[in-house]
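Chemist: File coords_28.cif below, mmCIF, C-alpha atoms:
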```
data_entry
loop_
_atom_site.group_PDB
_atom_site.id
_atom_site.type_symbol
_atom_site.label_atom_id
_atom_site.label_comp_id
_atom_site.auth_asym_id
_atom_site.auth_seq_id
_atom_site.Cartn_x
_atom_site.Cartn_y
_atom_site.Cartn_z
ATOM 1 C CA MET R 1 11.361 7.059 2.115
ATOM 2 C CA LEU R 2 13.044 3.630 2.262
ATOM 3 C CA ARG R 3 15.864 3.169 4.775
ATOM 4 C CA LYS R 4 17.999 0.329 6.095
ATOM 5 C CA GLY R 5 16.345 -1.807 8.744
ATOM 6 C CA GLN R 6 12.768 -0.685 8.092
ATOM 7 C CA ARG R 7 9.651 -2.821 8.133
ATOM 8 C CA VAL R 8 7.661 -2.271 4.940
ATOM 9 C CA VAL R 9 4.265 -3.567 3.867
ATOM 10 C CA ASP R 10 3.249 -3.540 0.193
ATOM 11 C CA LEU R 11 -0.498 -3.874 -0.388
ATOM 12 C CA GLY R 12 -1.288 -4.871 -3.949
ATOM 13 C CA CYS R 13 2.255 -6.140 -4.495
ATOM 14 C CA TRP R 14 1.847 -8.066 -7.758
ATOM 15 C CA PRO R 15 3.980 -8.455 -9.906
ATOM 16 C CA GLY R 16 6.661 -7.858 -7.236
ATOM 17 C CA GLY R 17 8.784 -4.974 -8.492
ATOM 18 C CA TRP R 18 8.257 -2.789 -5.431
ATOM 19 C CA LEU R 19 8.972 -5.781 -3.177
ATOM 20 C CA GLN R 20 12.365 -6.171 -4.846
ATOM 21 C CA VAL R 21 13.169 -2.454 -4.606
ATOM 22 C CA ALA R 22 12.076 -2.279 -0.961
ATOM 23 C CA ALA R 23 14.025 -5.443 -0.050
ATOM 24 C CA ALA R 24 17.224 -4.022 -1.529
ATOM 25 C CA GLU R 25 16.771 -0.675 0.233
ATOM 26 C CA VAL R 26 15.923 -2.001 3.720
ATOM 27 C CA GLY R 27 18.700 -4.586 3.530
ATOM 28 C CA SER R 28 19.079 -7.784 5.493
ATOM 29 C CA GLY R 29 18.134 -6.039 8.752
ATOM 30 C CA GLY R 30 14.780 -4.971 7.372
ATOM 31 C CA ARG R 31 11.701 -6.891 6.395
ATOM 32 C CA VAL R 32 9.194 -6.517 3.561
ATOM 33 C CA VAL R 33 5.771 -8.141 3.422
ATOM 34 C CA GLY R 34 3.619 -8.057 0.296
ATOM 35 C CA VAL R 35 -0.008 -9.019 -0.175
ATOM 36 C CA ASP R 36 -2.017 -9.372 -3.362
ATOM 37 C CA ARG R 37 -4.873 -11.422 -4.782
ATOM 38 C CA ALA R 38 -2.420 -12.683 -7.415
ATOM 39 C CA ALA R 39 0.610 -14.740 -6.440
ATOM 40 C CA ILE R 40 4.105 -13.488 -7.229
ATOM 41 C CA ASP R 41 5.351 -15.847 -9.920
ATOM 42 C CA PRO R 42 8.096 -16.814 -9.800
ATOM 43 C CA PRO R 43 8.248 -16.362 -6.013
ATOM 44 C CA LEU R 44 10.886 -13.990 -4.698
ATOM 45 C CA THR R 45 13.770 -15.695 -2.919
ATOM 46 C CA ASN R 46 14.998 -12.741 -0.832
ATOM 47 C CA ALA R 47 15.361 -13.828 2.790
ATOM 48 C CA ASN R 48 13.809 -10.570 4.039
ATOM 49 C CA VAL R 49 10.710 -10.696 1.778
ATOM 50 C CA PHE R 50 7.452 -12.455 2.579
ATOM 51 C CA ALA R 51 4.626 -12.414 0.047
ATOM 52 C CA PHE R 52 1.271 -14.075 0.340
ATOM 53 C CA THR R 53 -1.986 -14.219 -1.535
ATOM 54 C CA ALA R 54 -5.013 -12.652 0.136
ATOM 55 C CA ASP R 55 -7.799 -10.151 -0.422
ATOM 56 C CA LEU R 56 -7.121 -6.835 1.342
ATOM 57 C CA ALA R 57 -10.563 -7.007 2.978
ATOM 58 C CA GLU R 58 -9.908 -10.498 4.398
ATOM 59 C CA ALA R 59 -10.564 -10.906 8.125
ATOM 60 C CA GLY R 60 -7.401 -11.311 10.194
ATOM 61 C CA LEU R 61 -5.123 -9.981 7.442
ATOM 62 C CA ALA R 62 -3.582 -7.211 9.568
ATOM 63 C CA GLU R 63 -2.512 -9.748 12.196
ATOM 64 C CA ARG R 64 -0.910 -12.001 9.554
ATOM 65 C CA ILE R 65 0.993 -9.068 8.098
ATOM 66 C CA ARG R 66 2.227 -7.784 11.482
ATOM 67 C CA GLU R 67 3.337 -11.279 12.439
ATOM 68 C CA SER R 68 5.298 -11.611 9.188
ATOM 69 C CA LEU R 69 6.776 -8.122 9.649
ATOM 70 C CA GLY R 70 7.720 -8.789 13.263
ATOM 71 C CA GLY R 71 5.875 -5.638 14.392
ATOM 72 C CA PRO R 72 4.270 -2.516 12.964
ATOM 73 C CA ALA R 73 5.368 -1.113 9.604
ATOM 74 C CA ASP R 74 7.537 1.962 9.221
ATOM 75 C CA LEU R 75 6.203 2.355 5.680
ATOM 76 C CA LEU R 76 2.969 1.243 4.055
ATOM 77 C CA LEU R 77 2.955 1.123 0.252
ATOM 78 C CA SER R 78 -0.218 0.478 -1.677
ATOM 79 C CA ASP R 79 -0.040 0.180 -5.432
ATOM 80 C CA ALA R 80 -3.305 -1.756 -5.457
ATOM 81 C CA ALA R 81 -5.776 -0.910 -8.182
ATOM 82 C CA PRO R 82 -9.144 -2.385 -9.105
ATOM 83 C CA LYS R 83 -9.678 -4.184 -12.373
ATOM 84 C CA LEU R 84 -11.278 -1.497 -14.494
ATOM 85 C CA THR R 85 -14.346 -2.211 -16.603
ATOM 86 C CA GLY R 86 -14.677 1.113 -18.390
ATOM 87 C CA ILE R 87 -18.029 1.634 -16.662
ATOM 88 C CA ARG R 88 -17.428 4.694 -14.501
ATOM 89 C CA ILE R 89 -19.867 3.894 -11.684
ATOM 90 C CA THR R 90 -18.561 0.323 -11.364
ATOM 91 C CA ASP R 91 -14.919 1.408 -11.494
ATOM 92 C CA ARG R 92 -15.453 4.100 -8.858
ATOM 93 C CA ALA R 93 -17.240 1.648 -6.582
ATOM 94 C CA ARG R 94 -14.350 -0.809 -6.907
ATOM 95 C CA GLU R 95 -11.796 1.922 -6.205
ATOM 96 C CA GLU R 96 -13.776 3.022 -3.155
ATOM 97 C CA GLU R 97 -13.914 -0.572 -1.829
ATOM 98 C CA LEU R 98 -10.179 -0.917 -2.314
ATOM 99 C CA LEU R 99 -9.428 2.373 -0.539
ATOM 100 C CA GLU R 100 -11.727 1.339 2.316
ATOM 101 C CA ALA R 101 -9.775 -1.919 2.667
ATOM 102 C CA VAL R 102 -6.459 -0.025 2.730
ATOM 103 C CA GLY R 103 -7.898 2.418 5.269
ATOM 104 C CA GLY R 104 -9.129 -0.469 7.387
ATOM 105 C CA LEU R 105 -5.615 -1.928 7.506
ATOM 106 C CA LEU R 106 -3.687 1.303 7.961
ATOM 107 C CA PRO R 107 -4.176 1.870 11.723
ATOM 108 C CA ASP R 108 -3.408 -1.776 12.504
ATOM 109 C CA LEU R 109 -0.261 -1.898 10.380
ATOM 110 C CA LEU R 110 1.466 1.470 10.532
ATOM 111 C CA LYS R 111 3.500 2.510 13.549
ATOM 112 C CA PRO R 112 3.104 5.986 15.071
ATOM 113 C CA GLY R 113 5.167 8.410 13.015
ATOM 114 C CA GLY R 114 5.057 6.054 10.010
ATOM 115 C CA THR R 115 4.771 6.902 6.326
ATOM 116 C CA ALA R 116 2.207 5.855 3.701
ATOM 117 C CA LEU R 117 2.258 5.994 -0.095
ATOM 118 C CA VAL R 118 -1.098 5.005 -1.600
ATOM 119 C CA LYS R 119 -2.096 4.898 -5.268
ATOM 120 C CA ILE R 120 -5.428 6.581 -5.950
ATOM 121 C CA LEU R 121 -7.524 7.067 -9.055
ATOM 122 C CA GLU R 122 -8.756 10.648 -9.073
ATOM 123 C CA SER R 123 -12.432 10.725 -8.103
ATOM 124 C CA PRO R 124 -14.729 12.266 -5.482
ATOM 125 C CA GLU R 125 -14.506 8.997 -3.529
ATOM 126 C CA ALA R 126 -10.708 9.153 -3.484
ATOM 127 C CA GLN R 127 -10.813 12.791 -2.355
ATOM 128 C CA ALA R 128 -13.149 11.854 0.504
ATOM 129 C CA TRP R 129 -10.758 9.065 1.530
ATOM 130 C CA ILE R 130 -7.815 11.493 1.444
ATOM 131 C CA ARG R 131 -9.696 13.996 3.636
ATOM 132 C CA THR R 132 -10.546 11.276 6.156
ATOM 133 C CA TRP R 133 -7.066 9.775 6.395
ATOM 134 C CA GLY R 134 -5.231 13.067 5.981
ATOM 135 C CA ARG R 135 -6.341 14.050 9.483
ATOM 136 C CA ARG R 136 -4.242 11.183 10.875
ATOM 137 C CA PHE R 137 -0.922 12.400 9.392
ATOM 138 C CA ASP R 138 1.275 15.419 10.097
ATOM 139 C CA LYS R 139 2.296 15.980 6.472
ATOM 140 C CA LYS R 140 0.567 14.891 3.289
ATOM 141 C CA LYS R 141 0.431 15.656 -0.401
ATOM 142 C CA THR R 142 -0.857 14.163 -3.626
ATOM 143 C CA VAL R 143 1.666 13.656 -6.403
ATOM 144 C CA SER R 144 1.417 12.618 -10.015
ATOM 145 C CA THR R 145 4.184 10.726 -11.757
ATOM 146 C CA GLU R 146 5.242 10.871 -15.374
ATOM 147 C CA ALA R 147 5.403 7.048 -15.433
ATOM 148 C CA LYS R 148 1.698 6.509 -16.021
ATOM 149 C CA ARG R 149 -0.487 5.882 -19.027
ATOM 150 C CA GLN R 150 -1.627 8.937 -20.900
ATOM 151 C CA GLY R 151 -5.102 9.983 -19.797
ATOM 152 C CA SER R 152 -4.823 8.012 -16.541
ATOM 153 C CA SER R 153 -6.238 9.599 -13.396
ATOM 154 C CA GLU R 154 -3.655 7.719 -11.316
ATOM 155 C CA LYS R 155 -1.935 9.686 -8.553
ATOM 156 C CA HIS R 156 -0.163 8.825 -5.330
ATOM 157 C CA TRP R 157 -1.012 10.126 -1.894
ATOM 158 C CA PHE R 158 2.103 10.550 0.237
ATOM 159 C CA ALA R 159 1.709 11.029 4.000
ATOM 160 C CA GLN R 160 4.230 11.200 6.838
ATOM 161 C CA GLY R 161 3.907 11.302 10.614
ATOM 162 C CA PHE R 162 1.048 8.881 11.270
ATOM 163 C CA ARG R 163 -0.872 9.696 14.424
ATOM 164 C CA ALA R 164 -2.163 6.397 15.804
#
```
Would you mind giving the structure from this file in structure tokens?
Modeler:
Amino acid sequence: MLRKGQRVVDLGCWPGGWLQVAAAEVGSGGRVVGVDRAAIDPPLTNANVFAFTADLAEAGLAERIRESLGGPADLLLSDAAPKLTGIRITDRAREEELLEAVGGLLPDLLKPGGTALVKILESPEAQAWIRTWGRRFDKKKTVSTEAKRQGSSEKHWFAQGFRA
């Protein structure tokens, strides 16, 4: 998924682990841009990593990201998750807002043929989002990882071949 020279955007990048992994994989010829509401602290010092603090629904964010990337992304990662309250209706609404923000950025950030990996919390709203965005990719699947909290509904949606 990560290759030398790629442009990668990481939405919901705090605390910075995926930024570090992506920076190492894309090498000095690649570029990684991360965005989160929380600042990466301490800031990463990799020359090919740019991280800034912003809300994913912020106006003009796609343009800032593309400018920092130097063009459209080959890969869009989103590990963003809402702060959960334990109140199902509130948590689902927050997840839906977050997925809508990611979906709003996707066509402006990802190059044709690009790849996306988006964290989702299993819900009817997430399934609706997957159906909507799945039409824009050639290949897609939902995967669950063993590295999650027990009882978590967290999954990742993996899609390749973005059709702009």
Chemist: Between atom CA of R:Asn46 and atom CA of R:Gly113, what is the spacing in Å?
Modeler: 27.1 Å
Chemist: Which residues are close to R:Ala164, i.e. within 9 Å by only C-alpha atoms, leaving aside same-chain residues fewer than 4 positions away? Reply as a list in words.
Modeler: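 Those residues are Pro107, Asp108, Leu110, Lys111, Pro112, Gly113, Arg136 and Phe137 of chain R.
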Chemist: Distance atom CA of R:Trp157-atom CA of R:Glu95, one decimal place?
Modeler: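 It comes out at 14.2 Å.
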Chemist: Name the residues that the PyMOL selection byres ((chain R and resi 7-12) around 6) picks from the file above, as a list in words, using the file's chain letters and numbers.
Modeler: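 Written out, the selection comes to Gln6, Cys13, Trp14, Gly30, Arg31, Val32, Val33, Gly34, Val35, Asp36, Ala73, Asp74, Leu75, Leu76, Leu77, Ser78, Asp79 and Ala80 of chain R.
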Chemist: Which neighbours of R:Leu109 fall inside 7 Å, counting only C-alpha atoms, when residues of the same chain fewer than 5 positions from it are skipped, and could you give them as a VMD selection string?
Modeler: chain R and resid 62 66 72 to 73
Chemist: Report, in Å to a single decimal, how far apart atom CA of R:Arg3 and atom CA of R:Ala22 are.
Modeler: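 Value for the atom CA of R:Ala22-atom CA of R:Arg3 distance: 8.8 Å.
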